[in-house]
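One structure is given here, and the rest of the page talks about it.
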Amino acid sequence: MSTPLMILIIVLSNLVVGTLIGISGIAGFLLPLIYVSVLNIPLRDSLAISFLSFLVGGMFGTYSYWKLGNIDFKFAKLLSIGSIIGAIVGVRLNMMIPVNTAKLLLYIVVLLSGISILLRKNSDAQNVEESNKTKILENQIFVIAIGFITATICALTGAGGPILVVPVLTILGMNIKVAVGVAILNQIIIALPSALGYFSQSDFRGMIVFIISSLIAHVIGILIGARISDKINVNVLKKIVSTLSISSALYMIIATFIS
């Protein structure tokens, strides 16, 4: 089943998507989309492989962002409490409700978040940006709720996690680089129960080469992206995140209605 052409597509897609996640936290949803539409892999098999890549890649990405000082572990801990519960709920919901409905909700939220980031007043100084944090980010219950809601939607649709977490945290005033770091760490929490849930319903005999190739390429991509992100100006990074959010959401909203 793992032909040379499939392996090439897998490697290239994971390198590109991993790099984009490492830079901005956005693009995780592209993996299951490519697996299903281009490689004709069953949906739940695609989700299982994607979340495994998010899990392993997230570990390496978290380490890179931690080394660069771009992770708020205290905040991430609270977010993750809600996320692990939300991820379990999301996998369960995948078996119960139309996925397209949840996907459409995700893309609308991402679209609005991207527009909000683009419209926010730029600030070059991190301490100024940190002073613009809303009180919401200091409310522990609300942070846990954010983790639960975003994880539920992302686990249900296969979007990863950062695609929704990064825009939400950014429009609430968190420094964009810290938001990406927190989201990549949070991606691990979402991916673990999601991968286990989807793997339990999948048959991967004969796909070991496929899985190994995707993992290696995804890790390399995330490490490259994390390195590049630290050299990008905060305001430029915001534009990248907002542009990717808006364009991705618009494309997927249109694709959902066409299909």
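How things are named: the first chain in the structure tokens is A, the next is B, and so on; residues count from 1 in each chain; ligands count from 1 in the order shown.
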
Checklist line | Residue neighbourhood Ala145 of chain A, 10 Å, only C-alpha atoms, exclusion window fewer than 2 positions, as a list in words | finding: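 Near neighbours after the sequence-gap exclusion: Leu78, Leu79, Ser80, Ile81, Gly82, Ser83, Gly86, Asn139, Gln140, Ile141, Phe142, Val143, Gly147, Phe148, Ile149, Thr150 and Ala151 of chain A.
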
Residues as selected, C-alpha atoms, written as a short mmCIF file (atom, residue, chain, number, x, y, z; two decimals), in the first residue's frame, can you do that?
```cif
data_model
loop_
_atom_site.label_atom_id
_atom_site.label_comp_id
_atom_site.auth_asym_id
_atom_site.auth_seq_id
_atom_site.Cartn_x
_atom_site.Cartn_y
_atom_site.Cartn_z
CA LEU A 78 -4.56 25.17 33.00
CA LEU A 79 -5.37 25.06 29.29
CA SER A 80 -4.40 21.39 29.16
CA ILE A 81 -6.75 20.42 31.99
CA GLY A 82 -9.68 21.36 29.80
CA SER A 83 -8.04 20.07 26.62
CA GLY A 86 -12.29 18.04 25.42
CA ASN A 139 -9.37 33.63 35.01
CA GLN A 140 -8.50 29.97 35.63
CA ILE A 141 -12.00 28.65 34.98
CA PHE A 142 -12.22 30.49 31.67
CA VAL A 143 -8.79 29.23 30.58
CA GLY A 147 -8.99 24.37 26.51
CA PHE A 148 -12.10 22.19 26.64
CA ILE A 149 -13.95 23.92 23.80
CA THR A 150 -10.99 24.19 21.42
CA ALA A 151 -9.88 20.60 22.07
#
```

Checklist line | Shell of 10 Å around Gln201 of chain A, only C-alpha atoms, local chain residues under 5 positions omitted, as a list in words | finding: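 The residues that qualify are Arg44, Asp45, Ala48 and Leu196 of chain A.
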
With C-alpha atoms retained, export the selected residues as a PDB file, in the first residue's frame.
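Result went into again.pdb, see below:
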```pdb
ATOM      1  CA  ARG A  44     -10.524   7.733  10.731  1.00  0.00           C
ATOM      2  CA  ASP A  45      -7.236   6.180   9.590  1.00  0.00           C
ATOM      3  CA  ALA A  48      -5.226   8.592  13.612  1.00  0.00           C
ATOM      4  CA  LEU A 196      -5.464   6.483  20.888  1.00  0.00           C
TER       5      LEU A 196
END
```

Write out as a Markdown table a residue-level contact list of segment 126-239 of chain A versus segment 60-68 of chain A with cut-off 7 Å: for each qualifying residue the closest pair of atoms and the distance in Å to one decimal, counting only C-alpha atoms, rows sorted by chain and residue number upward.
```
| residue | atom | partner | partner_atom | distance |
| --- | --- | --- | --- | --- |
| A:Gly181 | CA | A:Tyr65 | CA | 5.6 |
| A:Ile184 | CA | A:Thr62 | CA | 6.1 |
| A:Leu185 | CA | A:Thr62 | CA | 5.3 |
| A:Val219 | CA | A:Phe60 | CA | 6.7 |
| A:Ile222 | CA | A:Gly61 | CA | 5.8 |
| A:Leu223 | CA | A:Gly61 | CA | 6.0 |
| A:Ala226 | CA | A:Ser64 | CA | 6.4 |
```

Note to self: I need the helix (DSSP H, G or I) residues of segment 33-232 of chain A per DSSP on the backbone, written as a ChimeraX atom specification.
What the structure shows: /A:33-37,43-67,73-94,99-119,126-131,135-138,140-157,162-171,176-199,208-229

Notebook entry, point to check: Any idea what's packed within 10 Å of Leu112 of chain A, counting only C-alpha atoms, ignoring anything in its chain fewer than 2 positions away? Could you give it as number ranges by chain?
Noted result: A: 107-110, 114-118, 167-168, 242, 245-246, 249

Output C-alpha atoms for every residue in the selection just made, as a PDB file, in the first residue's frame.
```pdb
ATOM      1  CA  TYR A 107     -13.668  27.320  10.050  1.00  0.00           C
ATOM      2  CA  ILE A 108     -16.030  30.170  10.932  1.00  0.00           C
ATOM      3  CA  VAL A 109     -14.324  30.628  14.310  1.00  0.00           C
ATOM      4  CA  VAL A 110     -10.876  30.508  12.682  1.00  0.00           C
ATOM      5  CA  GLY A 114      -7.871  35.640  11.855  1.00  0.00           C
ATOM      6  CA  ILE A 115      -9.729  38.837  11.014  1.00  0.00           C
ATOM      7  CA  SER A 116      -9.497  39.951  14.663  1.00  0.00           C
ATOM      8  CA  ILE A 117      -5.725  39.387  14.718  1.00  0.00           C
ATOM      9  CA  LEU A 118      -5.316  41.330  11.480  1.00  0.00           C
ATOM     10  CA  PRO A 167      -5.876  32.932  17.099  1.00  0.00           C
ATOM     11  CA  VAL A 168      -7.971  32.789  20.288  1.00  0.00           C
ATOM     12  CA  SER A 242      -3.935  35.937  10.402  1.00  0.00           C
ATOM     13  CA  SER A 245      -6.207  31.615   9.302  1.00  0.00           C
ATOM     14  CA  ILE A 246      -8.367  33.680   6.964  1.00  0.00           C
ATOM     15  CA  ALA A 249     -10.944  29.133   6.692  1.00  0.00           C
TER      16      ALA A 249
END
```

Checklist line | Top pick for closest residue to Ile10 of chain A, considering A:Leu244, A:Ile85, A:Ala217, A:Ile171 and counting only C-alpha atoms | finding: A:Ala217

Next item on the list: Grab the atom CA of Ile7 of chain A to atom CA of Leu39 of chain A distance for me, in Å with one decimal place.
Entry: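 Result for atom CA of Ile7 of chain A versus atom CA of Leu39 of chain A: 10.1 Å, one decimal.
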
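Our summary of the geometry notes that atom CA of Leu192 of chain A is positioned 14.6 Å from atom CA of Pro162 of chain A.
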
Item checked: Long-range neighbours of Leu52 of chain A as an MDAnalysis selection string, 10 Å cut-off, only C-alpha atoms, 5 positions minimum in chain -> chainID A and resid 46:47 57:58 188 191:196 198:199 211 214:215

What would the file look like if the residues just selected were written as an mmCIF file, in the first residue's frame with N, CA and C atoms?
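Printed below is again32.cif as written:
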```
data_model
loop_
_atom_site.group_PDB
_atom_site.id
_atom_site.type_symbol
_atom_site.label_atom_id
_atom_site.label_comp_id
_atom_site.auth_asym_id
_atom_site.auth_seq_id
_atom_site.Cartn_x
_atom_site.Cartn_y
_atom_site.Cartn_z
ATOM 1 N N SER A 46 -6.907 8.360 8.590
ATOM 2 C CA SER A 46 -6.201 9.626 8.353
ATOM 3 C C SER A 46 -6.092 10.445 9.629
ATOM 4 N N LEU A 47 -7.173 10.482 10.405
ATOM 5 C CA LEU A 47 -7.163 11.226 11.658
ATOM 6 C C LEU A 47 -6.181 10.600 12.648
ATOM 7 N N GLY A 57 5.441 15.309 16.853
ATOM 8 C CA GLY A 57 5.979 16.601 16.435
ATOM 9 C C GLY A 57 5.824 17.660 17.503
ATOM 10 N N GLY A 58 4.707 17.595 18.237
ATOM 11 C CA GLY A 58 4.468 18.558 19.310
ATOM 12 C C GLY A 58 5.504 18.471 20.412
ATOM 13 N N ILE A 188 -0.031 18.428 22.128
ATOM 14 C CA ILE A 188 0.310 17.096 22.647
ATOM 15 C C ILE A 188 -0.839 16.544 23.465
ATOM 16 N N ALA A 191 -3.636 15.617 21.135
ATOM 17 C CA ALA A 191 -3.296 14.527 20.217
ATOM 18 C C ALA A 191 -3.252 13.159 20.892
ATOM 19 N N LEU A 192 -2.840 13.097 22.154
ATOM 20 C CA LEU A 192 -2.678 11.797 22.815
ATOM 21 C C LEU A 192 -3.986 11.011 22.883
ATOM 22 N N PRO A 193 -5.041 11.534 23.523
ATOM 23 C CA PRO A 193 -6.298 10.763 23.550
ATOM 24 C C PRO A 193 -6.930 10.630 22.175
ATOM 25 N N SER A 194 -6.714 11.625 21.313
ATOM 26 C CA SER A 194 -7.287 11.567 19.966
ATOM 27 C C SER A 194 -6.652 10.437 19.151
ATOM 28 N N ALA A 195 -5.316 10.354 19.191
ATOM 29 C CA ALA A 195 -4.612 9.297 18.461
ATOM 30 C C ALA A 195 -5.020 7.919 18.974
ATOM 31 N N LEU A 196 -5.071 7.762 20.297
ATOM 32 C CA LEU A 196 -5.464 6.483 20.888
ATOM 33 C C LEU A 196 -6.888 6.105 20.477
ATOM 34 N N TYR A 198 -8.668 7.116 17.784
ATOM 35 C CA TYR A 198 -8.823 6.782 16.370
ATOM 36 C C TYR A 198 -8.039 5.523 15.989
ATOM 37 N N PHE A 199 -6.897 5.304 16.621
ATOM 38 C CA PHE A 199 -6.127 4.091 16.342
ATOM 39 C C PHE A 199 -6.898 2.843 16.758
ATOM 40 N N ILE A 211 3.540 5.416 8.144
ATOM 41 C CA ILE A 211 3.482 6.082 9.453
ATOM 42 C C ILE A 211 4.848 6.637 9.846
ATOM 43 N N SER A 214 5.778 9.732 7.790
ATOM 44 C CA SER A 214 5.038 10.926 8.188
ATOM 45 C C SER A 214 5.588 11.506 9.489
ATOM 46 N N LEU A 215 5.944 10.638 10.426
ATOM 47 C CA LEU A 215 6.459 11.105 11.717
ATOM 48 C C LEU A 215 7.797 11.819 11.556
#
```

Item checked: Straight-line distance linking atom CA of Val16 of chain A with atom CA of Pro4 of chain A, stated in Å to one decimal ->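 Between atom CA of Val16 of chain A and atom CA of Pro4 of chain A the gap works out to 18.4 Å.
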
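Each of A:Ser50, A:Ser37, A:Thr19, A:Ser24 was compared to Ala255 of chain A using only C-alpha atoms, and A:Ser37 turns out to be the nearest.
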
Next item on the list: Would you mind telling me which residue in A:Leu20, A:Ile208, A:Leu250, A:Ile228 lies nearest to Ile49 of chain A when using only C-alpha atoms?
Entry: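 Smallest separation from Ile49 of chain A among the options: A:Ile208.
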
Notebook entry, point to check: In terms of the shortest atom-to-atom distance over only C-alpha atoms, which of A:Met207, A:Ile146, A:Ile84, A:Leu237 is closest to Gly22 of chain A?
Noted result: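 Among the listed residues, the smallest separation from Gly22 of chain A belongs to A:Leu237.
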